[in-house]
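To start, the structure under review is shown below, and the notes come after it.
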Amino acid sequence: MSIYRAAQVDTANGSFRIVEREVPRPGPRHVRIAVEACGICHSDALFVDGGVPGVRFPLVPGHEAAGRIEELGEGAEAGNWNVGDRVTVGWFGGSCGHCTPCRQGDFIVCDTLKIPGPAYDGGFAETMIAPIDALARIPEALKASEAGPMACAGVTTYNGLRHSPARPGDLVAVLGIGGLGHLGVQYAVAMGFETVAIARGAEKAEFAEQLGAHHYIDSTGPTPVAESLLSLGGAKAVLATAGSSDAIAATVDGMTHRGELVVIGVSPDPLGVSPLQLILRGRTVRGHPSGSAQDVQDTMAFSVLHGIRPMVETLPLTEAEGAYRKMLSGAARFRMVLTTG
């Protein structure tokens, strides 16, 4: 009997422990993946804490997985997949294909979106099973530890920017330069935007410059963030990666006419934006989810073309508990990634 190891939590808010399981066989239109690396996303806490209805325990999370296909289920070859192909599985872990959003081709907002972890065992393991519509091909130029975070953090920031109303030359602000924002700044610069990085503390200005930002705003400084943005001409788009509703709301008056606030940072608190702030200048607020498997492939291709990589810290799967806690503490620089090698 073949076995593999996985990092699982047995109860809500529990600690990770390494368990051994029998290697499963993939079902129809599924593949088995030998996981080489899996990023730890802050969204994993939603499931580990039992904060989302329907989450079942024991739970193996992980929606930034990268590895190689090692077995095809019946019909998996329909997607031109082969044993040995390098693939990622991200927040988009598959869709139903028949709900209204899916019938409209908007798979990432499927009514029953399959997120690895709550929907099926995720990538905190040496092996995982995934449906073929969740697979994105990894370019040879990317390491597994780089490709994994692209399947969630990367595609979320890249997609959020490319679907905004901003065009090359426009002023675009990225709020937060952590796990999401450090990628968002790089993408904004590569897309030709005049890029503003916004973060807490003057000491982060140098890092923002290293990422390519043209301007830096210290949100703790004496000048309000919105006023600082207006002094630069006003932002056509703000990519809000910080998980603070107050910090997000503070950018709204710094947007130009028809500006768009793209919210990807998660916070349980209400967003304090008044109707007049939106109506008088024709501004919009958009919540942006991740992206489909094709969007992930687009993200990786763009990243290779422009030399964009996530900044990662790798730890072995056996240290999942410590890696997860480091992510929660905010001490990670900037994506924690578990490896099985």
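Here, A, B, ... name the chains of the structure tokens in the order displayed, residue numbers run from 1 inside each chain, and ligands are numbered from 1 in the same displayed order.
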Determine, counting only C-alpha atoms, which protein, DNA and RNA residues have an atom within 12 Å of an atom of A:Lys326; residues of the same chain fewer than 2 positions away are not included. Present the result as an MDAnalysis selection string.
-> chainID A and resid 40:42 313:315 319:324 328:337
Every residue of stretch 174-272 of chain A that DSSP places in alpha helix (DSSP H), as a PyMOL selection string = chain A and resi 181-190+205-211+225-231+245-249
Please write the residues from the selection above to a file, keeping N, CA and C atoms, as a tab-separated table (two decimals), in the first residue's frame.
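Everything below was put into selection-v2.tsv:
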chain	number	residue	atom	x	y	z
A	181	GLY	N	0.33	42.83	-2.04
A	181	GLY	CA	0.75	44.11	-2.58
A	181	GLY	C	2.11	44.13	-3.21
A	182	HIS	N	3.06	43.31	-2.72
A	182	HIS	CA	4.40	43.33	-3.34
A	182	HIS	C	4.34	42.81	-4.76
A	183	LEU	N	3.35	41.97	-5.06
A	183	LEU	CA	3.12	41.54	-6.44
A	183	LEU	C	2.33	42.59	-7.20
A	184	GLY	N	1.34	43.19	-6.53
A	184	GLY	CA	0.52	44.20	-7.18
A	184	GLY	C	1.33	45.37	-7.69
A	185	VAL	N	2.31	45.82	-6.91
A	185	VAL	CA	3.17	46.93	-7.35
A	185	VAL	C	3.95	46.53	-8.59
A	186	GLN	N	4.52	45.32	-8.59
A	186	GLN	CA	5.30	44.87	-9.75
A	186	GLN	C	4.43	44.78	-10.99
A	187	TYR	N	3.21	44.26	-10.86
A	187	TYR	CA	2.32	44.15	-12.01
A	187	TYR	C	1.91	45.53	-12.52
A	188	ALA	N	1.61	46.44	-11.59
A	188	ALA	CA	1.19	47.78	-12.00
A	188	ALA	C	2.27	48.47	-12.81
A	189	VAL	N	3.51	48.35	-12.36
A	189	VAL	CA	4.62	48.96	-13.08
A	189	VAL	C	4.77	48.33	-14.47
A	190	ALA	N	4.70	47.00	-14.52
A	190	ALA	CA	4.87	46.29	-15.80
A	190	ALA	C	3.74	46.59	-16.78
A	205	ALA	N	9.50	53.00	2.26
A	205	ALA	CA	9.66	53.72	0.99
A	205	ALA	C	10.74	53.08	0.13
A	206	GLU	N	11.83	52.68	0.75
A	206	GLU	CA	12.93	52.09	-0.01
A	206	GLU	C	12.51	50.78	-0.67
A	207	PHE	N	11.75	49.96	0.07
A	207	PHE	CA	11.29	48.70	-0.50
A	207	PHE	C	10.33	48.95	-1.66
A	208	ALA	N	9.44	49.94	-1.49
A	208	ALA	CA	8.52	50.28	-2.58
A	208	ALA	C	9.28	50.68	-3.83
A	209	GLU	N	10.36	51.42	-3.65
A	209	GLU	CA	11.19	51.83	-4.79
A	209	GLU	C	11.85	50.61	-5.43
A	210	GLN	N	12.29	49.66	-4.62
A	210	GLN	CA	12.90	48.44	-5.15
A	210	GLN	C	11.91	47.66	-6.00
A	211	LEU	N	10.63	47.70	-5.62
A	211	LEU	CA	9.59	47.01	-6.38
A	211	LEU	C	9.27	47.73	-7.69
A	225	VAL	N	-4.03	60.20	3.18
A	225	VAL	CA	-3.73	59.43	1.97
A	225	VAL	C	-4.46	60.02	0.76
A	226	ALA	N	-5.73	60.33	0.91
A	226	ALA	CA	-6.50	60.86	-0.22
A	226	ALA	C	-5.92	62.16	-0.73
A	227	GLU	N	-5.50	63.02	0.19
A	227	GLU	CA	-4.91	64.30	-0.21
A	227	GLU	C	-3.60	64.08	-0.96
A	228	SER	N	-2.82	63.12	-0.49
A	228	SER	CA	-1.55	62.81	-1.16
A	228	SER	C	-1.79	62.30	-2.57
A	229	LEU	N	-2.81	61.46	-2.75
A	229	LEU	CA	-3.13	60.95	-4.08
A	229	LEU	C	-3.60	62.07	-5.00
A	230	LEU	N	-4.41	62.96	-4.50
A	230	LEU	CA	-4.89	64.07	-5.32
A	230	LEU	C	-3.75	65.00	-5.74
A	231	SER	N	-2.74	65.14	-4.86
A	231	SER	CA	-1.60	65.99	-5.22
A	231	SER	C	-0.82	65.41	-6.38
A	245	SER	N	-10.49	47.83	6.63
A	245	SER	CA	-11.56	48.61	6.00
A	245	SER	C	-11.31	50.11	6.15
A	246	ASP	N	-10.75	50.52	7.28
A	246	ASP	CA	-10.47	51.94	7.47
A	246	ASP	C	-9.42	52.44	6.47
A	247	ALA	N	-8.36	51.65	6.29
A	247	ALA	CA	-7.31	52.04	5.35
A	247	ALA	C	-7.83	52.06	3.92
A	248	ILE	N	-8.70	51.12	3.59
A	248	ILE	CA	-9.28	51.08	2.24
A	248	ILE	C	-10.15	52.30	2.00
A	249	ALA	N	-11.02	52.61	2.97
A	249	ALA	CA	-11.94	53.74	2.80
A	249	ALA	C	-11.18	55.06	2.69
Between A:Phe16, A:Phe92, A:Phe124, A:Phe193, which has the minimum distance to A:Gly67 (counting only C-alpha atoms)?
->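 Nearest to A:Gly67: A:Phe124.
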Write down as a PyMOL selection string the residues belonging to stretch 199-257 of chain A that are assigned strand (DSSP E or B) by DSSP computed on the backbone.
-> chain A and resi 199+215-218+235-240+255-257
Could you work out how far atom CA of A:Arg56 lies from atom CA of A:Gly14, giving the answer in Å with one decimal?
->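 Rounded to one decimal, the two atoms are 12.7 Å apart.
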Spatial neighbours of A:Glu77, max dist 12 Å, only C-alpha atoms, sep filter under 6 positions, as a list in words |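 Residues near the query, excluding close chain neighbours: Pro28, Arg29, His30, Val31, Ile69, Glu71, Val83, Asp85, Pro131, Ile132 and Asp133 of chain A.
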Generate a file of the selected residues that holds all heavy atoms, formatted as a PDB file, in the first residue's frame.
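Dumped to part-v1.pdb:
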ATOM      1  N   PRO A  28     -13.067  10.234 -12.539  1.00  0.00           N
ATOM      2  CA  PRO A  28     -13.249  10.743 -13.898  1.00  0.00           C
ATOM      3  C   PRO A  28     -12.979  12.248 -13.977  1.00  0.00           C
ATOM      4  O   PRO A  28     -13.424  13.011 -13.129  1.00  0.00           O
ATOM      5  CB  PRO A  28     -14.721  10.433 -14.201  1.00  0.00           C
ATOM      6  CG  PRO A  28     -15.041   9.262 -13.325  1.00  0.00           C
ATOM      7  CD  PRO A  28     -14.260   9.497 -12.069  1.00  0.00           C
ATOM      8  N   ARG A  29     -12.215  12.645 -15.011  1.00  0.00           N
ATOM      9  CA  ARG A  29     -11.865  14.039 -15.272  1.00  0.00           C
ATOM     10  C   ARG A  29     -11.135  14.689 -14.092  1.00  0.00           C
ATOM     11  O   ARG A  29     -11.221  15.885 -13.858  1.00  0.00           O
ATOM     12  CB  ARG A  29     -13.109  14.845 -15.674  1.00  0.00           C
ATOM     13  CG  ARG A  29     -13.758  14.344 -16.962  1.00  0.00           C
ATOM     14  CD  ARG A  29     -14.932  15.214 -17.384  1.00  0.00           C
ATOM     15  NE  ARG A  29     -14.511  16.571 -17.747  1.00  0.00           N
ATOM     16  CZ  ARG A  29     -14.017  16.911 -18.931  1.00  0.00           C
ATOM     17  NH1 ARG A  29     -13.847  15.998 -19.880  1.00  0.00           N
ATOM     18  NH2 ARG A  29     -13.683  18.174 -19.188  1.00  0.00           N
ATOM     19  N   HIS A  30     -10.411  13.871 -13.360  1.00  0.00           N
ATOM     20  CA  HIS A  30      -9.553  14.331 -12.283  1.00  0.00           C
ATOM     21  C   HIS A  30      -8.146  13.799 -12.507  1.00  0.00           C
ATOM     22  O   HIS A  30      -7.941  12.841 -13.272  1.00  0.00           O
ATOM     23  CB  HIS A  30     -10.054  13.854 -10.912  1.00  0.00           C
ATOM     24  CG  HIS A  30     -11.242  14.620 -10.396  1.00  0.00           C
ATOM     25  ND1 HIS A  30     -12.462  14.595 -11.024  1.00  0.00           N
ATOM     26  CD2 HIS A  30     -11.383  15.427  -9.296  1.00  0.00           C
ATOM     27  CE1 HIS A  30     -13.318  15.350 -10.345  1.00  0.00           C
ATOM     28  NE2 HIS A  30     -12.689  15.865  -9.297  1.00  0.00           N
ATOM     29  N   VAL A  31      -7.184  14.411 -11.853  1.00  0.00           N
ATOM     30  CA  VAL A  31      -5.803  13.929 -11.898  1.00  0.00           C
ATOM     31  C   VAL A  31      -5.252  13.879 -10.481  1.00  0.00           C
ATOM     32  O   VAL A  31      -5.749  14.559  -9.579  1.00  0.00           O
ATOM     33  CB  VAL A  31      -4.890  14.843 -12.763  1.00  0.00           C
ATOM     34  CG1 VAL A  31      -5.395  14.918 -14.188  1.00  0.00           C
ATOM     35  CG2 VAL A  31      -4.766  16.238 -12.149  1.00  0.00           C
ATOM     36  N   ILE A  69       1.631  16.205 -12.591  1.00  0.00           N
ATOM     37  CA  ILE A  69       0.610  15.173 -12.704  1.00  0.00           C
ATOM     38  C   ILE A  69       1.290  13.806 -12.664  1.00  0.00           C
ATOM     39  O   ILE A  69       2.247  13.559 -13.387  1.00  0.00           O
ATOM     40  CB  ILE A  69      -0.179  15.324 -14.013  1.00  0.00           C
ATOM     41  CG1 ILE A  69      -0.967  16.635 -14.014  1.00  0.00           C
ATOM     42  CG2 ILE A  69      -1.129  14.139 -14.212  1.00  0.00           C
ATOM     43  CD1 ILE A  69      -1.694  16.913 -15.320  1.00  0.00           C
ATOM     44  N   GLU A  71      -0.923  10.824 -12.208  1.00  0.00           N
ATOM     45  CA  GLU A  71      -1.891   9.827 -12.673  1.00  0.00           C
ATOM     46  C   GLU A  71      -3.122  10.552 -13.221  1.00  0.00           C
ATOM     47  O   GLU A  71      -3.584  11.537 -12.650  1.00  0.00           O
ATOM     48  CB  GLU A  71      -2.313   8.875 -11.550  1.00  0.00           C
ATOM     49  CG  GLU A  71      -3.230   7.759 -12.033  1.00  0.00           C
ATOM     50  CD  GLU A  71      -3.628   6.773 -10.952  1.00  0.00           C
ATOM     51  OE1 GLU A  71      -3.188   6.938  -9.795  1.00  0.00           O
ATOM     52  OE2 GLU A  71      -4.401   5.841 -11.269  1.00  0.00           O
ATOM     53  N   VAL A  83       0.750  12.708 -17.959  1.00  0.00           N
ATOM     54  CA  VAL A  83       1.576  12.447 -16.788  1.00  0.00           C
ATOM     55  C   VAL A  83       2.902  13.199 -16.945  1.00  0.00           C
ATOM     56  O   VAL A  83       3.509  13.188 -18.017  1.00  0.00           O
ATOM     57  CB  VAL A  83       1.824  10.935 -16.622  1.00  0.00           C
ATOM     58  CG1 VAL A  83       2.876  10.669 -15.542  1.00  0.00           C
ATOM     59  CG2 VAL A  83       0.520  10.222 -16.270  1.00  0.00           C
ATOM     60  N   ASP A  85       3.129  16.539 -16.610  1.00  0.00           N
ATOM     61  CA  ASP A  85       2.862  17.964 -16.821  1.00  0.00           C
ATOM     62  C   ASP A  85       2.969  18.720 -15.503  1.00  0.00           C
ATOM     63  O   ASP A  85       2.481  18.260 -14.459  1.00  0.00           O
ATOM     64  CB  ASP A  85       1.463  18.175 -17.403  1.00  0.00           C
ATOM     65  CG  ASP A  85       1.356  17.787 -18.862  1.00  0.00           C
ATOM     66  OD1 ASP A  85       2.402  17.525 -19.485  1.00  0.00           O
ATOM     67  OD2 ASP A  85       0.220  17.745 -19.380  1.00  0.00           O
ATOM     68  N   PRO A 131      -9.763  18.377 -10.086  1.00  0.00           N
ATOM     69  CA  PRO A 131     -10.444  18.279 -11.389  1.00  0.00           C
ATOM     70  C   PRO A 131      -9.637  18.987 -12.472  1.00  0.00           C
ATOM     71  O   PRO A 131      -8.894  19.935 -12.194  1.00  0.00           O
ATOM     72  CB  PRO A 131     -11.780  18.991 -11.145  1.00  0.00           C
ATOM     73  CG  PRO A 131     -11.509  19.927 -10.014  1.00  0.00           C
ATOM     74  CD  PRO A 131     -10.482  19.263  -9.147  1.00  0.00           C
ATOM     75  N   ILE A 132      -9.783  18.541 -13.700  1.00  0.00           N
ATOM     76  CA  ILE A 132      -8.933  19.068 -14.766  1.00  0.00           C
ATOM     77  C   ILE A 132      -9.237  20.537 -15.082  1.00  0.00           C
ATOM     78  O   ILE A 132      -8.361  21.251 -15.577  1.00  0.00           O
ATOM     79  CB  ILE A 132      -9.031  18.217 -16.055  1.00  0.00           C
ATOM     80  CG1 ILE A 132     -10.471  18.146 -16.574  1.00  0.00           C
ATOM     81  CG2 ILE A 132      -8.473  16.831 -15.811  1.00  0.00           C
ATOM     82  CD1 ILE A 132     -10.584  17.444 -17.925  1.00  0.00           C
ATOM     83  N   ASP A 133     -10.456  21.021 -14.782  1.00  0.00           N
ATOM     84  CA  ASP A 133     -10.719  22.427 -15.092  1.00  0.00           C
ATOM     85  C   ASP A 133     -10.030  23.371 -14.113  1.00  0.00           C
ATOM     86  O   ASP A 133     -10.000  24.585 -14.333  1.00  0.00           O
ATOM     87  CB  ASP A 133     -12.219  22.714 -15.151  1.00  0.00           C
ATOM     88  CG  ASP A 133     -12.941  22.490 -13.836  1.00  0.00           C
ATOM     89  OD1 ASP A 133     -12.558  21.570 -13.104  1.00  0.00           O
ATOM     90  OD2 ASP A 133     -13.894  23.237 -13.551  1.00  0.00           O
TER      91      ASP A 133
END
Using only C-alpha atoms, the best pick from A:Pro310, A:Gly176, A:Gly254, A:Gly265 as closest to A:Arg283 would be A:Gly254
Between A:Gly27, A:Val9, A:Arg258, A:Val285, single out the one closest to A:Gly75, counting only C-alpha atoms.
->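 Closest candidate: A:Gly27.
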Hey, what's within 8 Å of A:Thr156 if we count only C-alpha atoms and toss same-chain stuff fewer than 6 positions away? As a list in words, please?
-> Ile264, His288, Pro289, Ser290 and Gly291 of chain A
Write the residues of the selection above to a file with N, CA and C atoms, as a CSV table (one decimal), in the first residue's frame.
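So the final result, stored in out.csv, reads:
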chain,number,residue,atom,x,y,z
A,264,ILE,N,-9.5,43.7,-2.8
A,264,ILE,CA,-9.1,42.3,-2.7
A,264,ILE,C,-8.6,41.9,-1.3
A,288,HIS,N,-13.2,42.1,-6.0
A,288,HIS,CA,-12.6,41.2,-7.0
A,288,HIS,C,-12.1,39.9,-6.5
A,289,PRO,N,-12.7,38.8,-7.0
A,289,PRO,CA,-12.2,37.5,-6.6
A,289,PRO,C,-10.9,37.1,-7.4
A,290,SER,N,-10.5,35.9,-7.3
A,290,SER,CA,-9.2,35.5,-7.8
A,290,SER,C,-9.2,35.4,-9.4
A,291,GLY,N,-9.4,34.2,-9.9
A,291,GLY,CA,-9.3,34.1,-11.4
A,291,GLY,C,-9.4,32.6,-11.7
Distance criterion (only C-alpha atoms): nearest to A:Gly123 out of A:Val155, A:Ala136, A:Met327, A:Ile33 = A:Ile33
Quote the spacing between atom CA of A:Cys102 and atom CA of A:Val262 in Å to one decimal place.
->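 Atom CA of A:Val262 lies at a distance of 22.5 Å from atom CA of A:Cys102.
Counting only C-alpha atoms and comparing A:Cys99, A:Leu142, A:Ala293, A:Met128, the residue that lies closest to A:Pro61 is A:Met128.
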Pick the closest to A:Ala7 from A:Val19, A:Ala78, A:Val52, A:Ala235: which is it, counting only C-alpha atoms?
->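 With only C-alpha atoms as the atom set, the closest residue is A:Val19.
Put simply, atom CA of A:Glu140 is 28.0 Å away from atom CA of A:Ala213.
For A:Thr88, the list of residues within 8 Å, based on only C-alpha atoms and with local chain neighbours fewer than 6 positions off taken out, reads Glu64, Ala65, Ala66, Gly67, Leu135, Ala136, Arg137, Ile138, Ala147, Gly148 and Ala151 of chain A.
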Counting only C-alpha atoms, what is within 10 Å of A:Thr284, bar same-chain residues fewer than 6 positions away, as a ChimeraX atom specification?
-> /A:237,252,255,257-262,277-278
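When the distance limit is 10 Å and only C-alpha atoms are what count, the residues near A:Asp269, minus those fewer than 2 positions from it on the same chain, are Gly243, Ser244, Ser245, Asp246, Val266, Ser267, Leu271 and Gly272 of chain A.
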